[in-house]
file entry.pdb (PDB, C-alpha atoms)
ATOM      1  CA  MET R 198     132.123-180.213  -7.779
ATOM      2  CA  SER R 199     134.030-183.513  -7.787
ATOM      3  CA  PRO R 200     132.279-186.852  -7.333
ATOM      4  CA  THR R 201     132.460-188.707  -4.045
ATOM      5  CA  PRO R 202     134.622-191.839  -4.344
ATOM      6  CA  ALA R 203     132.550-195.032  -4.392
ATOM      7  CA  PRO R 204     132.935-197.182  -1.281
ATOM      8  CA  ALA R 205     134.125-200.779  -1.664
ATOM      9  CA  ASP R 206     130.547-201.937  -0.990
ATOM     10  CA  GLY R 207     128.556-200.810  -4.064
ATOM     11  CA  PHE R 208     125.232-201.164  -2.208
ATOM     12  CA  HIS R 209     125.901-198.354   0.264
ATOM     13  CA  ARG R 210     126.548-195.327  -1.884
ATOM     14  CA  ARG R 211     124.857-191.993  -1.443
ATOM     15  CA  LEU R 212     122.216-190.395  -3.627
ATOM     16  CA  HIS R 213     122.996-187.012  -5.192
ATOM     17  CA  ARG R 214     120.741-183.990  -5.517
ATOM     18  CA  ILE R 215     121.690-181.442  -8.129
ATOM     19  CA  ARG R 216     120.015-178.094  -7.632
ATOM     20  CA  PRO R 217     119.453-175.714 -10.552
ATOM     21  CA  ALA R 218     122.314-173.523  -9.296
ATOM     22  CA  GLY R 219     124.593-176.583  -9.476
ATOM     23  CA  LEU R 220     124.124-177.213 -13.212
ATOM     24  CA  SER R 221     127.388-176.954 -15.112
ATOM     25  CA  ALA R 222     127.933-175.320 -18.513
ATOM     26  CA  ARG R 223     131.285-177.159 -18.818
ATOM     27  CA  THR R 224     129.946-179.476 -21.523
ATOM     28  CA  ALA R 225     129.962-179.720 -25.303
ATOM     29  CA  GLN R 226     127.998-176.962 -27.028
ATOM     30  CA  THR R 227     126.316-176.342 -30.378
ATOM     31  CA  ASP R 228     125.665-172.903 -31.850
ATOM     32  CA  GLY R 229     122.097-171.735 -31.222
ATOM     33  CA  MET R 230     121.595-173.622 -27.961
ATOM     34  CA  ARG R 231     123.019-173.829 -24.453
ATOM     35  CA  ARG R 232     123.566-177.182 -22.725
ATOM     36  CA  VAL R 233     124.047-177.602 -18.992
ATOM     37  CA  GLU R 234     124.860-180.890 -17.293
ATOM     38  CA  ALA R 235     123.395-182.190 -14.080
ATOM     39  CA  ILE R 236     124.388-185.862 -13.943
ATOM     40  CA  SER R 237     127.713-186.975 -15.399
ATOM     41  CA  GLY R 238     130.987-188.590 -14.477
ATOM     42  CA  ASP R 239     132.300-185.155 -13.516
ATOM     43  CA  THR R 240     129.370-184.139 -11.326
ATOM     44  CA  VAL R 241     128.312-187.359  -9.554
ATOM     45  CA  GLY R 242     130.650-190.098 -10.819
ATOM     46  CA  SER R 243     128.143-191.741 -13.180
ATOM     47  CA  VAL R 244     129.591-194.296 -15.579
ATOM     48  CA  ASP R 245     126.948-194.848 -18.291
ATOM     49  CA  LEU R 246     124.551-191.943 -17.874
ATOM     50  CA  TRP R 247     124.607-188.263 -18.794
ATOM     51  CA  MET R 248     121.669-185.994 -18.033
ATOM     52  CA  GLY R 249     121.111-182.269 -18.302
ATOM     53  CA  GLN R 250     119.124-179.497 -19.928
ATOM     54  CA  THR R 251     119.182-177.755 -23.270
ATOM     55  CA  HIS R 252     117.959-174.178 -23.687
ATOM     56  CA  VAL R 253     117.063-172.840 -27.136
ATOM     57  CA  ALA R 254     116.412-169.111 -27.190
ATOM     58  CA  ALA R 255     113.304-167.667 -28.830
ATOM     59  CA  ALA R 256     113.407-167.510 -32.631
ATOM     60  CA  THR R 257     116.601-169.583 -32.789
ATOM     61  CA  ARG R 258     117.775-172.779 -34.425
ATOM     62  CA  SER R 259     120.764-174.865 -33.445
ATOM     63  CA  ALA R 260     123.533-175.958 -35.722
ATOM     64  CA  ASN R 261     123.225-179.446 -37.218
ATOM     65  CA  HIS R 262     124.818-182.126 -35.055
ATOM     66  CA  HIS R 263     124.713-185.736 -33.831
ATOM     67  CA  HIS R 264     125.633-187.464 -30.566
ATOM     68  CA  GLY R 265     127.840-190.301 -31.811
ATOM     69  CA  ARG R 266     127.157-193.701 -30.261
ATOM     70  CA  SER R 267     124.890-192.209 -27.616
ATOM     71  CA  GLU R 268     121.133-192.679 -27.624
ATOM     72  CA  THR R 269     119.325-189.518 -26.515
ATOM     73  CA  GLY R 270     116.008-189.191 -24.730
ATOM     74  CA  ILE R 271     114.447-185.721 -24.638
ATOM     75  CA  TYR R 272     111.605-184.443 -22.461
ATOM     76  CA  VAL R 273     110.098-181.041 -23.347
ATOM     77  CA  VAL R 274     109.692-178.898 -20.213
ATOM     78  CA  THR R 275     108.718-175.504 -21.677
ATOM     79  CA  GLY R 276     108.170-174.009 -25.099
ATOM     80  CA  ASN R 277     107.431-175.646 -28.429
ATOM     81  CA  PRO R 278     110.744-176.759 -29.914
ATOM     82  CA  SER R 279     110.939-178.536 -33.249
ATOM     83  CA  PHE R 280     113.351-181.365 -34.030
ATOM     84  CA  VAL R 281     114.545-181.569 -37.644
ATOM     85  CA  PHE R 282     116.230-184.543 -39.377
ATOM     86  CA  LEU R 283     116.409-186.176 -42.813
ATOM     87  CA  ASP R 284     114.016-189.024 -43.612
ATOM     88  CA  GLY R 285     115.628-190.323 -46.781
ATOM     89  CA  GLU R 286     116.241-187.140 -48.767
ATOM     90  CA  ASP R 287     113.339-185.257 -47.163
ATOM     91  CA  GLU R 288     113.828-182.814 -44.311
ATOM     92  CA  THR R 289     111.336-183.798 -41.606
ATOM     93  CA  ARG R 290     110.327-181.777 -38.558
ATOM     94  CA  ILE R 291     108.631-182.914 -35.393
ATOM     95  CA  ASP R 292     106.872-180.058 -33.576
ATOM     96  CA  THR R 293     106.574-180.627 -29.826
ATOM     97  CA  GLY R 294     105.147-179.124 -26.665
ATOM     98  CA  PRO R 295     105.493-179.512 -22.891
ATOM     99  CA  GLY R 296     105.177-183.135 -21.803
ATOM    100  CA  ASP R 297     106.319-184.611 -25.144
ATOM    101  CA  TYR R 298     109.243-187.030 -25.402
ATOM    102  CA  ILE R 299     111.622-187.416 -28.349
ATOM    103  CA  TYR R 300     114.018-190.304 -29.008
ATOM    104  CA  VAL R 301     117.159-189.606 -31.058
ATOM    105  CA  PRO R 302     118.952-192.802 -32.156
ATOM    106  CA  PRO R 303     122.772-192.916 -32.210
ATOM    107  CA  TRP R 304     124.554-191.126 -35.052
ATOM    108  CA  VAL R 305     121.419-189.411 -36.452
ATOM    109  CA  PRO R 306     122.133-185.852 -37.641
ATOM    110  CA  HIS R 307     119.488-183.401 -36.405
ATOM    111  CA  ARG R 308     118.917-179.882 -35.126
ATOM    112  CA  GLU R 309     116.608-178.166 -32.674
ATOM    113  CA  GLU R 310     114.584-175.099 -33.621
ATOM    114  CA  ASN R 311     112.529-172.757 -31.505
ATOM    115  CA  PRO R 312     110.120-170.890 -33.789
ATOM    116  CA  ASP R 313     108.443-169.016 -30.903
ATOM    117  CA  PRO R 314     109.402-165.320 -31.141
ATOM    118  CA  ASP R 315     109.098-164.743 -27.370
ATOM    119  CA  GLU R 316     109.579-167.919 -25.289
ATOM    120  CA  GLU R 317     112.754-169.914 -24.639
ATOM    121  CA  ALA R 318     112.396-173.694 -25.078
ATOM    122  CA  VAL R 319     113.826-175.889 -22.307
ATOM    123  CA  VAL R 320     114.226-179.667 -22.572
ATOM    124  CA  VAL R 321     115.704-182.314 -20.278
ATOM    125  CA  ILE R 322     118.188-184.620 -21.975
ATOM    126  CA  ALA R 323     119.297-188.132 -20.976
ATOM    127  CA  ARG R 324     122.063-189.969 -22.823
ATOM    128  CA  THR R 325     123.451-193.486 -22.701
ATOM    129  CA  THR R 326     127.010-192.233 -22.347
ATOM    130  CA  GLN R 327     128.018-190.202 -19.324
ATOM    131  CA  GLU R 328     129.842-187.712 -21.527
ATOM    132  CA  ALA R 329     127.852-185.296 -23.662
ATOM    133  CA  ILE R 330     129.024-186.353 -27.127
ATOM    134  CA  VAL R 331     128.342-183.607 -29.655
ATOM    135  CA  VAL R 332     129.579-183.682 -33.252
ATOM    136  CA  ASN R 333     128.679-180.452 -35.058
ATOM    137  CA  LEU R 334     127.979-180.823 -38.795
ATOM    138  CA  PRO R 335     127.663-178.530 -41.839
ATOM    139  CA  ASP R 336     124.242-180.024 -42.769
ATOM    140  CA  LEU R 337     121.885-182.917 -41.962
ATOM    141  CA  ARG R 338     123.389-185.463 -44.376
ATOM    142  CA  TRP R 339     125.201-188.427 -42.828
ATOM    143  CA  VAL R 340     128.827-188.616 -43.989
ATOM    144  CA  GLY R 341     130.104-191.547 -41.910
ATOM    145  CA  PRO R 342     129.890-195.343 -42.098
ATOM    146  CA  VAL R 343     126.725-196.956 -43.426
ATOM    147  CA  ALA R 344     124.788-199.740 -41.703
ATOM    148  CA  THR R 345     125.464-202.934 -43.657
ATOM    149  CA  GLY R 346     124.491-205.685 -41.238
ATOM    150  CA  PRO R 347     123.639-206.453 -37.621
ATOM    151  CA  VAL R 348     124.040-203.784 -34.986
ATOM    152  CA  ASP R 349     127.577-203.431 -33.639
ATOM    153  CA  PRO R 350     127.443-202.297 -29.977
ATOM    154  CA  ASP R 351     130.445-200.002 -30.518
ATOM    155  CA  TRP R 352     128.636-198.115 -33.299
ATOM    156  CA  GLY R 353     125.032-198.076 -32.087
ATOM    157  CA  ASP R 354     122.928-198.612 -35.201
ATOM    158  CA  ARG R 355     125.745-197.925 -37.751
ATOM    159  CA  ARG R 356     128.506-200.280 -38.837
ATOM    160  CA  ALA R 357     131.392-199.691 -41.198
ATOM    161  CA  ASP R 358     132.033-202.094 -44.092
TER     162      ASP R 358
END
call {"tool": "encode", "arguments": {"input": "entry.pdb", "output": "structure tokens"}}
result
Amino acid sequence: MSPTPAPADGFHRRLHRIRPAGLSARTAQTDGMRRVEAISGDTVGSVDLWMGQTHVAAATRSANHHHGRSETGIYVVTGNPSFVFLDGEDETRIDTGPGDYIYVPPWVPHREENPDPDEEAVVVIARTTQEAIVVNLPDLRWVGPVATGPVDPDWGDRRAD
């Protein structure tokens, strides 16, 4: 589906409904999970927003990854996924359930796990970039620039020396 061109008058554009059958799997992926996009530049012509779903099968964990400069908001729809990251040198896990929200800051390595042996976990994802940035990693340690001063808008909360 290609986006409708925006009219010259930005106040008279149409709203878009994306039905479940219209979700697209043509997005970045991480082993152990399946992402589908609903709202993006490709699907509706969004500029600064990406939104979709992530499905983590029963008894599965994703690969470690981060989302670059994008902030990520997560809403748990079904299941009890866990979100794992490093707090200093300690691996930390946040166990969630339906109705919970998770915030993932830019550049933070993490992974999703679904410890339930029978039920798939489904979450809705919103990102501050319309593309689904995914950088897969060998582990949860950060190997990029280190924050050394005020926030640089091009790096989110990380800035190179």
call {"tool": "closest_residue", "arguments": {"input": "entry.pdb", "among": "R:Arg324, R:Arg211, R:His264, R:Arg216", "to": "Gly242 of chain R", "atoms": "all atoms listed in the file"}}
result
R:Arg211
call {"tool": "residues_around", "arguments": {"input": "entry.pdb", "residues": "Ala256 of chain R", "least_positions_apart": "3", "cutoff": "7 Å", "atoms": "only C-alpha atoms", "output": "JSON, numbers by chain"}}
result
{"R": [311, 312, 313, 314]}
call {"tool": "write_last_selection", "arguments": {"input": "entry.pdb", "atoms": "C-alpha atoms", "output": "compact mmCIF listing (two decimals), keeping the file's coordinate frame"}}
result
# COMPACT_ATOMS: atom_id res chain seq x y z
CA ASN R 311 112.53 -172.76 -31.50
CA PRO R 312 110.12 -170.89 -33.79
CA ASP R 313 108.44 -169.02 -30.90
CA PRO R 314 109.40 -165.32 -31.14
call {"tool": "residues_near_point", "arguments": {"input": "entry.pdb", "point": "(105.4, -178.5, -28.5)", "cutoff": "9 Å", "atoms": "all atoms listed in the file", "output": "PyMOL selection string"}}
result
chain R and resi 273+275-279+291-297
call {"tool": "closest_residue", "arguments": {"input": "entry.pdb", "among": "R:Leu334, R:Ile215, R:Ala254, R:Met248", "to": "His307 of chain R", "atoms": "all atoms listed in the file"}}
result
R:Leu334
call {"tool": "closest_residue", "arguments": {"input": "entry.pdb", "among": "R:Arg223, R:Arg231, R:His262, R:His213", "to": "Trp339 of chain R", "atoms": "only C-alpha atoms"}}
result
R:His262
call {"tool": "resolve_selection", "arguments": {"input": "entry.pdb", "expression": "the PyMOL selection byres ((chain R and resi 235) around 6)", "output": "ChimeraX atom specification"}}
result
/R:220,234,236,248-249
call {"tool": "closest_residue", "arguments": {"input": "entry.pdb", "among": "R:Val319, R:Val253, R:Leu337, R:Ile330", "to": "Met230 of chain R", "atoms": "only C-alpha atoms"}}
result
R:Val253
call {"tool": "closest_residue", "arguments": {"input": "entry.pdb", "among": "R:Gly238, R:Gly229, R:Gly265, R:Gly219", "to": "Glu309 of chain R", "atoms": "all atoms listed in the file"}}
result
R:Gly229
call {"tool": "resolve_selection", "arguments": {"input": "entry.pdb", "expression": "the PyMOL selection byres ((chain R and resi 336) around 12)", "output": "PyMOL selection string"}}
result
chain R and resi 259-263+281-283+288+305-308+332-335+337-340
call {"tool": "write_last_selection", "arguments": {"input": "entry.pdb", "atoms": "C-alpha atoms", "output": "PDB file, in the coordinates of the input"}}
result
ATOM      1  CA  SER R 259     120.764-174.865 -33.445  1.00  0.00           C
ATOM      2  CA  ALA R 260     123.533-175.958 -35.722  1.00  0.00           C
ATOM      3  CA  ASN R 261     123.225-179.446 -37.218  1.00  0.00           C
ATOM      4  CA  HIS R 262     124.818-182.126 -35.055  1.00  0.00           C
ATOM      5  CA  HIS R 263     124.713-185.736 -33.831  1.00  0.00           C
ATOM      6  CA  VAL R 281     114.545-181.569 -37.644  1.00  0.00           C
ATOM      7  CA  PHE R 282     116.230-184.543 -39.377  1.00  0.00           C
ATOM      8  CA  LEU R 283     116.409-186.176 -42.813  1.00  0.00           C
ATOM      9  CA  GLU R 288     113.828-182.814 -44.311  1.00  0.00           C
ATOM     10  CA  VAL R 305     121.419-189.411 -36.452  1.00  0.00           C
ATOM     11  CA  PRO R 306     122.133-185.852 -37.641  1.00  0.00           C
ATOM     12  CA  HIS R 307     119.488-183.401 -36.405  1.00  0.00           C
ATOM     13  CA  ARG R 308     118.917-179.882 -35.126  1.00  0.00           C
ATOM     14  CA  VAL R 332     129.579-183.682 -33.252  1.00  0.00           C
ATOM     15  CA  ASN R 333     128.679-180.452 -35.058  1.00  0.00           C
ATOM     16  CA  LEU R 334     127.979-180.823 -38.795  1.00  0.00           C
ATOM     17  CA  PRO R 335     127.663-178.530 -41.839  1.00  0.00           C
ATOM     18  CA  LEU R 337     121.885-182.917 -41.962  1.00  0.00           C
ATOM     19  CA  ARG R 338     123.389-185.463 -44.376  1.00  0.00           C
ATOM     20  CA  TRP R 339     125.201-188.427 -42.828  1.00  0.00           C
ATOM     21  CA  VAL R 340     128.827-188.616 -43.989  1.00  0.00           C
TER      22      VAL R 340
END
call {"tool": "atom_distance", "arguments": {"input": "entry.pdb", "atom1": "atom CA of Gln226 of chain R", "atom2": "atom CA of Asp315 of chain R"}}
result
22.5 Å
call {"tool": "axis_aligned_box", "arguments": {"input": "entry.pdb", "around": "segment 309-319 of chain R", "padding_each_side": "8 Å", "output": "lines of an AutoDock Vina configuration file"}}
result
center_x = 112.5
center_y = -171.5
center_z = -28.0
size_x = 24.2
size_y = 29.4
size_z = 27.5
call {"tool": "atom_distance", "arguments": {"input": "entry.pdb", "atom1": "atom CA of Ala222 of chain R", "atom2": "atom CA of His252 of chain R"}}
result
11.3 Å
call {"tool": "atom_distance", "arguments": {"input": "entry.pdb", "atom1": "atom CA of Asp284 of chain R", "atom2": "atom CA of Val331 of chain R"}}
result
20.7 Å
call {"tool": "closest_residue", "arguments": {"input": "entry.pdb", "among": "R:Thr325, R:Thr227, R:Thr289, R:Ser267", "to": "Thr251 of chain R", "atoms": "only C-alpha atoms"}}
result
R:Thr227
call {"tool": "resolve_selection", "arguments": {"input": "entry.pdb", "expression": "the PyMOL selection byres ((chain R and resi 298) around 6)", "output": "NGL selection string"}}
result
:R and (271-272 or 297 or 299)
